Each structure stands twice: as structure tokens, then as C-alpha cells.
>>> print(open('query_14.cif').read())   # mmCIF, C-alpha atoms and all ligand atoms
data_my_file
loop_
_atom_site.label_atom_id
_atom_site.label_comp_id
_atom_site.auth_asym_id
_atom_site.auth_seq_id
_atom_site.Cartn_x
_atom_site.Cartn_y
_atom_site.Cartn_z
CA MET A 1 -18.10 -40.43 2.39
CA ALA A 2 -18.34 -38.52 -0.87
CA ILE A 3 -18.77 -39.45 -4.54
CA LEU A 4 -16.48 -37.84 -7.11
CA VAL A 5 -18.33 -37.08 -10.35
CA THR A 6 -16.04 -36.27 -13.28
CA GLY A 7 -17.79 -34.33 -16.03
CA GLY A 8 -20.47 -33.36 -13.52
CA ALA A 9 -21.18 -30.06 -15.30
CA GLY A 10 -22.24 -31.82 -18.51
CA TYR A 11 -25.72 -32.88 -19.53
CA ILE A 12 -25.93 -36.39 -18.06
CA GLY A 13 -23.36 -35.62 -15.35
CA SER A 14 -25.26 -32.63 -13.96
CA HIS A 15 -28.55 -34.57 -13.85
CA THR A 16 -26.75 -37.34 -11.98
CA VAL A 17 -25.32 -34.81 -9.49
CA LEU A 18 -28.85 -33.47 -8.96
CA TYR A 19 -30.18 -37.00 -8.42
CA LEU A 20 -27.38 -37.86 -5.96
CA ASN A 21 -28.15 -34.67 -4.03
CA GLN A 22 -31.78 -35.72 -3.84
CA GLN A 23 -30.63 -39.04 -2.32
CA GLY A 24 -28.68 -37.13 0.34
CA GLU A 25 -25.22 -37.98 -1.04
CA GLU A 26 -22.21 -35.69 -0.73
CA VAL A 27 -20.91 -34.90 -4.20
CA ILE A 28 -17.64 -33.51 -5.53
CA VAL A 29 -17.42 -32.46 -9.17
CA LEU A 30 -14.37 -32.29 -11.43
CA ASP A 31 -15.01 -30.72 -14.84
CA ASN A 32 -12.86 -28.74 -17.26
CA LEU A 33 -15.92 -26.68 -18.34
CA GLN A 34 -14.94 -27.08 -21.98
CA LYS A 35 -18.53 -28.17 -22.76
CA GLY A 36 -20.09 -28.21 -19.30
CA HIS A 37 -21.89 -25.35 -17.52
CA ILE A 38 -21.03 -24.21 -14.02
CA ASP A 39 -24.68 -23.19 -13.50
CA ALA A 40 -25.70 -26.81 -14.04
CA VAL A 41 -23.84 -27.83 -10.88
CA GLN A 42 -25.75 -27.22 -7.70
CA ASN A 43 -24.91 -28.40 -4.18
CA ALA A 44 -21.50 -29.87 -4.93
CA LYS A 45 -17.92 -28.92 -4.19
CA PHE A 46 -16.48 -27.95 -7.56
CA TYR A 47 -12.99 -28.35 -9.04
CA GLN A 48 -12.21 -27.05 -12.52
CA GLY A 49 -9.47 -29.00 -14.25
CA GLU A 50 -8.30 -31.83 -16.45
CA LEU A 51 -8.16 -35.54 -15.72
CA LYS A 52 -4.53 -35.58 -16.83
CA ASN A 53 -3.65 -33.16 -14.03
CA GLU A 54 -2.39 -35.79 -11.58
CA SER A 55 -1.51 -33.29 -8.84
CA LEU A 56 -5.09 -31.97 -8.95
CA LEU A 57 -6.38 -35.57 -8.65
CA ASP A 58 -4.02 -36.08 -5.67
CA GLU A 59 -5.42 -32.96 -4.04
CA ILE A 60 -9.03 -34.05 -4.67
CA PHE A 61 -8.46 -37.55 -3.28
CA THR A 62 -6.46 -36.40 -0.25
CA SER A 63 -8.57 -33.45 0.84
CA ASN A 64 -11.94 -35.24 0.54
CA GLN A 65 -13.26 -38.56 1.84
CA ILE A 66 -14.08 -40.16 -1.53
CA ASN A 67 -15.07 -43.81 -1.74
CA SER A 68 -16.54 -43.92 -5.26
CA VAL A 69 -16.22 -42.26 -8.63
CA ILE A 70 -18.78 -41.75 -11.37
CA HIS A 71 -16.85 -41.00 -14.53
CA PHE A 72 -18.52 -38.96 -17.30
CA ALA A 73 -15.74 -36.60 -18.38
CA ALA A 74 -15.14 -37.27 -22.09
CA ASN A 75 -15.46 -35.90 -25.58
CA SER A 76 -18.62 -37.38 -27.03
CA LEU A 77 -19.34 -36.26 -30.59
CA VAL A 78 -19.26 -39.11 -33.08
CA GLY A 79 -18.58 -36.95 -36.16
CA GLU A 80 -15.88 -34.92 -34.43
CA SER A 81 -14.20 -38.12 -33.25
CA VAL A 82 -13.78 -39.23 -36.87
CA GLU A 83 -12.11 -35.90 -37.69
CA LYS A 84 -9.97 -35.69 -34.54
CA PRO A 85 -9.34 -39.25 -33.35
CA LEU A 86 -6.14 -38.40 -31.49
CA GLU A 87 -7.96 -35.76 -29.43
CA TYR A 88 -10.49 -38.42 -28.46
CA TYR A 89 -7.82 -40.95 -27.49
CA GLU A 90 -6.00 -38.29 -25.47
CA ASN A 91 -9.02 -36.90 -23.62
CA ASN A 92 -10.99 -40.11 -23.20
CA VAL A 93 -8.50 -42.96 -22.97
CA ILE A 94 -5.44 -41.18 -21.55
CA GLY A 95 -7.63 -39.01 -19.28
CA SER A 96 -9.26 -42.17 -17.88
CA TYR A 97 -5.86 -43.80 -17.47
CA HIS A 98 -4.79 -40.97 -15.12
CA LEU A 99 -8.04 -41.18 -13.18
CA ILE A 100 -7.81 -44.97 -12.78
CA LYS A 101 -4.14 -44.75 -11.81
CA LYS A 102 -4.91 -42.21 -9.09
CA MET A 103 -7.91 -44.20 -7.85
CA VAL A 104 -5.64 -47.23 -7.43
CA GLU A 105 -2.98 -45.14 -5.66
CA HIS A 106 -5.53 -43.59 -3.29
CA ASN A 107 -7.27 -46.92 -2.71
CA VAL A 108 -10.65 -45.83 -4.12
CA LYS A 109 -12.22 -49.10 -5.23
CA ASN A 110 -15.51 -48.33 -6.98
CA ILE A 111 -16.21 -46.66 -10.30
CA VAL A 112 -19.33 -46.31 -12.43
CA PHE A 113 -18.35 -45.54 -16.01
CA SER A 114 -20.41 -43.69 -18.57
CA SER A 115 -20.19 -45.87 -21.67
CA THR A 116 -22.29 -45.96 -24.80
CA ALA A 117 -24.29 -48.01 -27.28
CA ALA A 118 -21.66 -46.85 -29.80
CA THR A 119 -19.47 -49.67 -28.41
CA TYR A 120 -21.66 -52.11 -30.41
CA GLY A 121 -21.29 -50.44 -33.81
CA ASN A 122 -23.79 -51.94 -36.26
CA PRO A 123 -25.75 -54.35 -34.09
CA VAL A 124 -26.01 -57.97 -35.14
CA LYS A 125 -29.58 -58.00 -33.77
CA VAL A 126 -32.05 -55.84 -31.84
CA PRO A 127 -32.76 -55.52 -29.00
CA ILE A 128 -29.04 -55.43 -28.29
CA GLN A 129 -27.75 -57.48 -25.36
CA GLU A 130 -24.59 -56.86 -23.38
CA ASN A 131 -22.83 -59.96 -24.70
CA ASP A 132 -23.43 -59.05 -28.35
CA PRO A 133 -20.28 -58.26 -30.37
CA THR A 134 -18.67 -54.87 -29.75
CA VAL A 135 -17.30 -53.53 -33.03
CA PRO A 136 -17.40 -49.70 -32.87
CA THR A 137 -17.67 -47.86 -36.17
CA ASN A 138 -16.11 -44.60 -34.95
CA PRO A 139 -13.27 -43.44 -32.65
CA TYR A 140 -15.72 -42.23 -29.98
CA GLY A 141 -17.17 -45.73 -29.48
CA ASP A 142 -13.71 -47.23 -29.72
CA THR A 143 -12.31 -44.98 -26.95
CA LYS A 144 -15.22 -45.91 -24.66
CA LEU A 145 -14.64 -49.60 -25.34
CA ALA A 146 -10.91 -49.17 -24.65
CA ILE A 147 -11.76 -47.66 -21.25
CA GLU A 148 -14.15 -50.52 -20.47
CA LYS A 149 -11.27 -52.91 -21.19
CA MET A 150 -8.85 -50.89 -19.05
CA LEU A 151 -11.34 -51.15 -16.19
CA LYS A 152 -11.72 -54.89 -16.66
CA TRP A 153 -7.97 -55.48 -16.41
CA ALA A 154 -7.69 -53.03 -13.48
CA ASP A 155 -10.25 -55.15 -11.61
CA GLY A 156 -8.16 -58.29 -12.13
CA ALA A 157 -4.90 -56.62 -11.15
CA TYR A 158 -5.88 -54.12 -8.44
CA GLY A 159 -9.38 -55.11 -7.34
CA LEU A 160 -10.88 -51.89 -8.76
CA LYS A 161 -14.59 -52.69 -9.17
CA SER A 162 -16.49 -51.09 -12.05
CA VAL A 163 -19.91 -50.90 -13.58
CA CYS A 164 -19.95 -49.78 -17.22
CA LEU A 165 -23.29 -48.33 -18.32
CA ARG A 166 -23.92 -48.33 -22.05
CA TYR A 167 -26.47 -45.61 -22.71
CA PHE A 168 -28.72 -45.44 -25.71
CA ASN A 169 -30.20 -42.00 -26.58
CA ALA A 170 -30.24 -39.77 -23.51
CA ALA A 171 -32.97 -37.13 -23.67
CA GLY A 172 -35.32 -35.04 -21.53
CA ALA A 173 -34.50 -32.80 -18.58
CA ASP A 174 -35.05 -32.38 -14.86
CA PRO A 175 -38.88 -32.54 -14.50
CA GLU A 176 -38.70 -29.51 -12.19
CA GLY A 177 -36.89 -27.55 -14.88
CA LYS A 178 -33.86 -26.54 -12.81
CA ILE A 179 -31.38 -27.96 -15.32
CA GLY A 180 -31.51 -29.29 -18.86
CA GLU A 181 -29.67 -29.91 -22.11
CA ASP A 182 -27.42 -27.24 -23.63
CA HIS A 183 -24.82 -28.28 -26.20
CA THR A 184 -22.90 -26.03 -28.56
CA PRO A 185 -23.12 -27.04 -31.30
CA GLU A 186 -26.31 -29.05 -30.80
CA SER A 187 -26.36 -32.30 -32.76
CA HIS A 188 -29.04 -34.34 -30.97
CA LEU A 189 -32.43 -34.85 -32.52
CA ILE A 190 -34.84 -33.83 -29.74
CA PRO A 191 -33.19 -30.49 -28.81
CA ILE A 192 -32.83 -29.68 -32.52
CA VAL A 193 -36.55 -30.28 -33.10
CA LEU A 194 -37.39 -28.16 -30.05
CA GLN A 195 -35.15 -25.36 -31.33
CA ALA A 196 -37.23 -25.46 -34.50
CA ALA A 197 -40.38 -25.30 -32.35
CA LEU A 198 -38.97 -22.14 -30.73
CA GLY A 199 -38.30 -20.61 -34.14
CA GLN A 200 -34.53 -20.77 -33.63
CA ARG A 201 -34.20 -22.94 -36.73
CA GLU A 202 -36.24 -22.83 -39.90
CA ASN A 203 -36.70 -26.60 -40.04
CA VAL A 204 -35.38 -29.99 -39.05
CA ALA A 205 -33.35 -31.97 -41.54
CA ILE A 206 -34.21 -35.66 -41.49
CA PHE A 207 -31.01 -37.53 -42.18
CA GLY A 208 -32.24 -40.18 -44.59
CA ASP A 209 -35.65 -41.73 -45.30
CA ASP A 210 -34.42 -44.77 -47.19
CA TYR A 211 -33.51 -46.96 -44.23
CA PRO A 212 -35.05 -50.44 -43.92
CA THR A 213 -37.59 -49.27 -41.32
CA GLU A 214 -41.34 -48.80 -41.57
CA ASP A 215 -41.23 -45.08 -42.41
CA GLY A 216 -37.68 -45.16 -43.79
CA THR A 217 -36.11 -43.08 -40.99
CA CYS A 218 -33.72 -44.30 -38.29
CA ILE A 219 -35.05 -45.82 -35.09
CA ARG A 220 -33.51 -45.04 -31.71
CA ASP A 221 -34.20 -45.92 -28.08
CA TYR A 222 -34.73 -42.66 -26.13
CA ILE A 223 -34.15 -42.78 -22.40
CA HIS A 224 -34.89 -40.05 -19.86
CA VAL A 225 -31.75 -38.44 -18.45
CA LEU A 226 -33.03 -38.75 -14.86
CA ASP A 227 -33.66 -42.46 -15.38
CA LEU A 228 -30.03 -42.70 -16.48
CA ALA A 229 -29.04 -40.78 -13.34
CA ALA A 230 -30.98 -43.20 -11.15
CA ALA A 231 -29.21 -46.15 -12.79
CA HIS A 232 -25.82 -44.72 -11.77
CA TYR A 233 -26.92 -44.59 -8.16
CA LEU A 234 -28.22 -48.17 -8.29
CA ALA A 235 -24.98 -49.29 -9.93
CA LEU A 236 -22.95 -47.70 -7.12
CA LYS A 237 -25.12 -49.37 -4.52
CA LYS A 238 -24.62 -52.72 -6.23
CA LEU A 239 -20.87 -52.21 -6.32
CA HIS A 240 -20.80 -51.51 -2.59
CA GLU A 241 -23.04 -54.47 -1.79
CA THR A 242 -21.63 -57.15 -4.06
CA GLU A 243 -18.13 -55.94 -5.02
CA GLU A 244 -18.76 -57.35 -8.49
CA SER A 245 -17.99 -55.58 -11.74
CA GLY A 246 -20.50 -55.58 -14.61
CA VAL A 247 -21.69 -54.07 -17.89
CA TYR A 248 -25.30 -52.93 -18.44
CA ASN A 249 -27.33 -51.43 -21.25
CA LEU A 250 -29.63 -48.55 -20.39
CA GLY A 251 -32.56 -47.93 -22.69
CA ASN A 252 -36.34 -48.22 -22.71
CA GLY A 253 -36.41 -51.21 -25.05
CA THR A 254 -38.74 -49.32 -27.39
CA GLY A 255 -37.67 -47.61 -30.56
CA PHE A 256 -39.00 -44.44 -32.19
CA SER A 257 -38.25 -43.29 -35.71
CA VAL A 258 -37.01 -39.77 -36.49
CA LYS A 259 -40.45 -38.99 -37.97
CA GLN A 260 -42.20 -40.28 -34.84
CA VAL A 261 -39.97 -38.08 -32.66
CA ILE A 262 -40.83 -35.01 -34.77
CA ASP A 263 -44.56 -35.86 -34.56
CA THR A 264 -44.35 -36.23 -30.78
CA CYS A 265 -42.59 -32.85 -30.54
CA ARG A 266 -45.35 -31.28 -32.66
CA LYS A 267 -47.97 -32.77 -30.34
CA VAL A 268 -46.22 -31.72 -27.11
CA THR A 269 -45.33 -28.19 -28.25
CA GLY A 270 -48.46 -27.51 -30.31
CA LYS A 271 -46.19 -26.02 -33.01
CA ASP A 272 -45.99 -26.77 -36.72
CA ILE A 273 -42.42 -27.92 -37.00
CA ALA A 274 -41.18 -27.97 -40.58
CA ALA A 275 -39.11 -30.98 -41.61
CA ILE A 276 -37.09 -31.45 -44.77
CA MET A 277 -35.48 -34.55 -46.21
CA ALA A 278 -31.71 -34.66 -46.20
CA THR A 279 -29.09 -37.25 -47.05
CA ARG A 280 -27.98 -39.92 -44.59
CA ARG A 281 -25.51 -38.97 -41.87
CA ALA A 282 -22.35 -41.07 -42.06
CA GLY A 283 -22.17 -43.95 -39.63
CA ASP A 284 -25.85 -44.03 -38.56
CA PRO A 285 -27.11 -47.60 -37.98
CA ALA A 286 -30.78 -48.04 -39.05
CA VAL A 287 -32.05 -49.33 -35.70
CA LEU A 288 -30.60 -49.15 -32.17
CA ILE A 289 -32.74 -50.59 -29.40
CA ALA A 290 -31.47 -51.80 -26.05
CA SER A 291 -32.36 -54.83 -24.08
CA SER A 292 -32.16 -53.46 -20.52
CA GLU A 293 -33.35 -56.69 -18.97
CA LYS A 294 -30.01 -57.20 -17.22
CA ALA A 295 -30.09 -53.73 -15.60
CA GLN A 296 -33.70 -54.30 -14.56
CA THR A 297 -33.01 -57.72 -13.04
CA GLU A 298 -29.59 -57.16 -11.49
CA LEU A 299 -29.74 -53.46 -10.56
CA GLY A 300 -33.48 -53.28 -9.92
CA TRP A 301 -33.66 -50.38 -12.39
CA ILE A 302 -37.12 -49.41 -13.60
CA PRO A 303 -37.34 -46.28 -15.77
CA LYS A 304 -39.69 -43.76 -14.15
CA TYR A 305 -40.32 -41.72 -17.32
CA PRO A 306 -40.47 -44.28 -20.12
CA THR A 307 -42.79 -42.56 -22.58
CA LEU A 308 -41.54 -40.35 -25.37
CA GLU A 309 -44.26 -37.79 -24.45
CA GLU A 310 -42.84 -37.41 -20.93
CA ILE A 311 -39.28 -37.20 -22.19
CA VAL A 312 -40.17 -34.54 -24.78
CA SER A 313 -42.42 -32.62 -22.32
CA HIS A 314 -39.60 -32.28 -19.79
CA ALA A 315 -37.16 -31.26 -22.52
CA TRP A 316 -39.69 -28.74 -23.86
CA ASN A 317 -40.26 -27.28 -20.38
CA TRP A 318 -36.50 -26.61 -20.13
CA HIS A 319 -36.08 -25.22 -23.66
CA LYS A 320 -39.15 -23.00 -23.42
CA HIS A 321 -37.92 -21.38 -20.22
CA HIS A 322 -34.24 -21.34 -21.24
CA PRO A 323 -34.23 -20.63 -24.98
CA ASN A 324 -30.56 -19.71 -24.76
CA GLY A 325 -29.64 -22.58 -22.47
CA TYR A 326 -27.48 -21.58 -19.52
CA GLN A 327 -26.52 -18.31 -21.19
CA LYS A 328 -28.18 -15.54 -19.20
N1 LIG A 401 -31.14 -36.90 -36.74
C1 LIG A 401 -31.78 -36.25 -37.79
N2 LIG A 401 -31.65 -34.90 -37.87
C2 LIG A 401 -30.92 -34.15 -36.98
C3 LIG A 401 -30.30 -34.82 -35.91
C4 LIG A 401 -30.42 -36.21 -35.82
O1 LIG A 401 -32.43 -36.86 -38.64
O2 LIG A 401 -30.85 -32.92 -37.14
C5 LIG A 401 -31.28 -38.37 -36.63
C6 LIG A 401 -29.95 -39.11 -36.64
O3 LIG A 401 -29.52 -39.37 -37.96
C7 LIG A 401 -30.31 -40.38 -35.85
C8 LIG A 401 -31.36 -39.88 -34.85
O4 LIG A 401 -31.86 -38.65 -35.38
O5 LIG A 401 -30.91 -41.32 -36.70
C9 LIG A 401 -30.81 -39.62 -33.47
O6 LIG A 401 -29.65 -38.83 -33.59
P1 LIG A 401 -28.89 -38.19 -32.37
O7 LIG A 401 -27.74 -37.37 -32.91
O8 LIG A 401 -29.87 -37.49 -31.50
O9 LIG A 401 -28.36 -39.43 -31.54
P2 LIG A 401 -27.43 -40.69 -31.96
O10 LIG A 401 -28.37 -41.78 -32.35
O11 LIG A 401 -26.53 -40.25 -33.07
O12 LIG A 401 -26.70 -40.98 -30.71
#
>>> encode(input="query_14.cif", output="C-alpha cells", more="lines below")
Ligand code: UDP
Amino acid sequence: MAILVTGGAGYIGSHTVLYLNQQGEEVIVLDNLQKGHIDAVQNAKFYQGELKNESLLDEIFTSNQINSVIHFAANSLVGESVEKPLEYYENNVIGSYHLIKKMVEHNVKNIVFSSTAATYGNPVKVPIQENDPTVPTNPYGDTKLAIEKMLKWADGAYGLKSVCLRYFNAAGADPEGKIGEDHTPESHLIPIVLQAALGQRENVAIFGDDYPTEDGTCIRDYIHVLDLAAAHYLALKKLHETEESGVYNLGNGTGFSVKQVIDTCRKVTGKDIAAIMATRRAGDPAVLIASSEKAQTELGWIPKYPTLEEIVSHAWNWHKHHPNGYQK
């Protein structure tokens, strides 16, 4: 039996495909390649297309023996989602609706869904637990929460079992350097700092140093992308074993400030990375740290690369050898 991975050419999706391959699983990828990279997909049958293309989904489900889906395909830029909310509802919510509908029709009963810490909005406390209030502060988080709810009701009505994984800050790369992170435009802190280390940017702009944190900069919980990948596999295994739906946070439970991340990048790369102060970025909560106790207890998930040094070293290894990402 095979696993269908939607968005398997993207950053987290492609690392999950790699991890599933390493576990000996047969993988099928559906990706529209709007943001993903075909070179990131290795050892998988590949379909290029949209989730809303129901006849393509029919073809995928009828011509392959698929018993589970891991669903990444989505637009995922917070700022862009504020500017183009309808695009986000169409691609994320309506796209997922078509996928779920076709899963029900083809009797595929298990789905692991790529959700986000953005479903919480401004947390009421840290570390954040799964039963804390979910009040997203942007359309991106809201679309992910809407999909979680669609999955919950689909379980009740059709017995479709789901695990929703709320990621904190995904970072790092395949330790062997085969694949890594390549976004255009890049908005994430660690790749931006490493681009500065490579001389591709003059400096790093720190978005605000007047937050109520020790050094005034925002604190985030960085989690290695391959640890995220492993959690998807454990979630699938749990679904098959217990047939119970669930929601889990995925983070390290430790927070690092923007300044600490830049310092770690300086240490790992050995480069003087210039940083300048800039104004706050809209919608940034001061501190986001996950409690992943539930994932650890119920999924048996233990991050293999929990330190920021390891995360940055693997990212640096990728960026150093692929300064232009997947572009040859
Ligand atoms: N950040 C920054 N400069 C940048 C990019 C990001 O200061 O050029 C900050 C951002 O404001 C946030 C943290 O770094 O506090 C992590 O941002 P990222 O976009 O990587 O992830 P997010 O927390 O938004 O998911």
C-alpha cells in the first residue's frame, strides 16, 4: 500500500517523502510545483496538478493502492494571506475540501494534516498546549483551523481518521545534504541569516527589539524538519493502530530569540553576520513555544536533532553547497 503526499515537493513535504523512503514506504506525490521543486522529490511517483482537479484525484486514487494521505499542499505565507485572503481560502480550504471528498469516495480512511502554531494566534500562555484557545490572527492560521474542523466533522460523519500536526518553526535540512530549504521569496529567519553569511544579503533586519523578552527580540521554538517528518510517520502508524483522531503540537519546547539565532548562525558559519534593527513585523507574537508532551507521550515522538546548533549546521551545509537552492 502507498502513501499519497500532497505538497511533497515543498520544504517539509519533500523531507517527509525522503523520511518515508528511508522507512521503506511507497510514496506518491501530488504537487502543483507553484512553490515546490521537482528536484526535491526523489523515489516517488509524481503527479503535477491541483487539489481542485477532481478527475486527477480520481485517477490517482484508482490507479494506485493508497491507504493514507499526508496533506501538506497549501499556501503558507502569513503576510501574503492578509493581502490575498480569498486565494488562501480557495487553495487551502477549498483544495482540502476536494481532497477530503475524494478520500471519502475512494474509501481512504487515514490522513495526517500539516497544521500550524498559527492556529493559536496570540497564546494565552507558554508553553502552548493543544487544548489552549485557537484564535488565529491571520487568514493563513484561520484556513488551517478551518481544515482541522472539516476533518473533525468528516470523522464523525464518514469515519475519516485524522491527525493534525501543529508545527512551530520548521528549520534545518536533510543531514546528508541531499535536499534543503529553498523559498522564493525567503521570509524565514534562519535561511535569511544564512544568506547573509553567504554574502547574498548585506545584513539581517531584526524585526523589533522592544518585545517583553530578555533581549527584546521575539522568541520562537525551532524544530528540525526531519524531526517533523518522523512525527508524520509516527502519526500515521498511530492512526493505523488505534483508528483515533488527534491534534498534536510539534516543537522542541525551548525558545530562542532572534538575536540568539543570529549568534548561533555566526558561531556555526564562522562569519560576521551584520544585523540591523528594524520595526516590528505585523502580527508577530512575542513568544511562541510548544508543549509537545502529548506528541511525546501518545506518538512516542522524540526529536533526534533538538539543539539549535544541529539545526543551523544542517541548514548551513545545504545553503553552502546550494547557494542558489535547487536552481542549477
Ligand atoms: N525575523 C526577523 N528578521 C527576518 C525574518 C524573521 O527578525 O528577516 C523574526 C520574525 O519577526 C520572528 C522570527 O524571526 O520573530 C521568526 O520568523 P519566521 O518568519 O522565521 O517564522 P514565524 O515565527 O513567522 O513562523
>>> residues_near_ligand(input="query_14.cif", ligand="ligand LIG 401 (chain A)", cutoff="10 Å", atoms="all atoms listed in the file", output="number ranges by chain")
A: 76-79, 116-118, 167-171, 186-193, 203-209, 211, 217-222, 256-259, 261-262, 275-288
>>> closest_residue(input="query_14.cif", among="A:Lys109, A:Lys178, A:Lys149, A:Lys101", to="A:Ala40", atoms="only C-alpha atoms")
A:Lys178
>>> residues_around(input="query_14.cif", residues="stretch 7-19 of chain A", least_positions_apart="5", cutoff="10 Å", atoms="all atoms listed in the file", output="ChimeraX atom specification")
/A:24-44,46,48,50-51,70-75,114,170-171,173-174,178-183,224-233
>>> atom_distance(input="query_14.cif", atom1="atom CA of A:Gln200", atom2="atom CA of A:Gln260")
21.0 Å
>>> residues_around(input="query_14.cif", residues="A:Tyr158", least_positions_apart="2", cutoff="12 Å", atoms="only C-alpha atoms", output="VMD selection string")
chain A and resid 100 to 110 150 to 156 160 to 162
>>> residues_around(input="query_14.cif", residues="A:Val163", least_positions_apart="2", cutoff="8 Å", atoms="all atoms listed in the file", output="PyMOL selection string")
chain A and resi 111-113+161+165+235-236+239+245-248
>>> atom_distance(input="query_14.cif", atom1="atom CA of A:His322", atom2="atom CA of A:Arg201")
15.6 Å
>>> closest_residue(input="query_14.cif", among="A:Gly95, A:Pro212, A:Gly177, A:Gly172", to="A:Thr307", atoms="only C-alpha atoms")
A:Gly172
>>> decode(input="query_14.cif", residues="stretch 21-53 of chain A", atoms="C-alpha atoms", output="PDB file, in the first residue's frame")
ATOM      1  CA  ASN A  21      11.509   6.355   1.626  1.00  0.00           C
ATOM      2  CA  GLN A  22      14.074   5.620   4.320  1.00  0.00           C
ATOM      3  CA  GLN A  23      11.380   3.647   6.192  1.00  0.00           C
ATOM      4  CA  GLY A  24      10.742   1.574   3.055  1.00  0.00           C
ATOM      5  CA  GLU A  25       7.321   3.112   2.286  1.00  0.00           C
ATOM      6  CA  GLU A  26       5.939   3.515  -1.226  1.00  0.00           C
ATOM      7  CA  VAL A  27       5.199   7.183  -1.833  1.00  0.00           C
ATOM      8  CA  ILE A  28       3.106   9.052  -4.386  1.00  0.00           C
ATOM      9  CA  VAL A  29       3.426  12.819  -4.628  1.00  0.00           C
ATOM     10  CA  LEU A  30       0.879  15.360  -5.862  1.00  0.00           C
ATOM     11  CA  ASP A  31       2.205  18.919  -6.148  1.00  0.00           C
ATOM     12  CA  ASN A  32       1.372  21.861  -8.398  1.00  0.00           C
ATOM     13  CA  LEU A  33       5.038  22.993  -8.338  1.00  0.00           C
ATOM     14  CA  GLN A  34       3.954  26.574  -7.749  1.00  0.00           C
ATOM     15  CA  LYS A  35       6.444  26.792  -4.857  1.00  0.00           C
ATOM     16  CA  GLY A  36       7.803  23.248  -4.736  1.00  0.00           C
ATOM     17  CA  HIS A  37      10.837  21.853  -6.570  1.00  0.00           C
ATOM     18  CA  ILE A  38      10.741  18.720  -8.681  1.00  0.00           C
ATOM     19  CA  ASP A  39      14.394  18.041  -7.776  1.00  0.00           C
ATOM     20  CA  ALA A  40      13.378  17.811  -4.126  1.00  0.00           C
ATOM     21  CA  VAL A  41      11.294  14.714  -4.874  1.00  0.00           C
ATOM     22  CA  GLN A  42      13.284  11.526  -5.059  1.00  0.00           C
ATOM     23  CA  ASN A  43      11.994   7.951  -5.231  1.00  0.00           C
ATOM     24  CA  ALA A  44       8.312   8.753  -5.584  1.00  0.00           C
ATOM     25  CA  LYS A  45       5.744   8.545  -8.355  1.00  0.00           C
ATOM     26  CA  PHE A  46       4.981  12.162  -9.206  1.00  0.00           C
ATOM     27  CA  TYR A  47       1.777  13.873 -10.347  1.00  0.00           C
ATOM     28  CA  GLN A  48       1.738  17.586 -11.115  1.00  0.00           C
ATOM     29  CA  GLY A  49      -1.627  19.193 -10.531  1.00  0.00           C
ATOM     30  CA  GLU A  50      -4.123  20.950  -8.311  1.00  0.00           C
ATOM     31  CA  LEU A  51      -6.163  19.575  -5.435  1.00  0.00           C
ATOM     32  CA  LYS A  52      -9.298  21.007  -7.024  1.00  0.00           C
ATOM     33  CA  ASN A  53      -8.761  18.788 -10.069  1.00  0.00           C
TER      34      ASN A  53
END
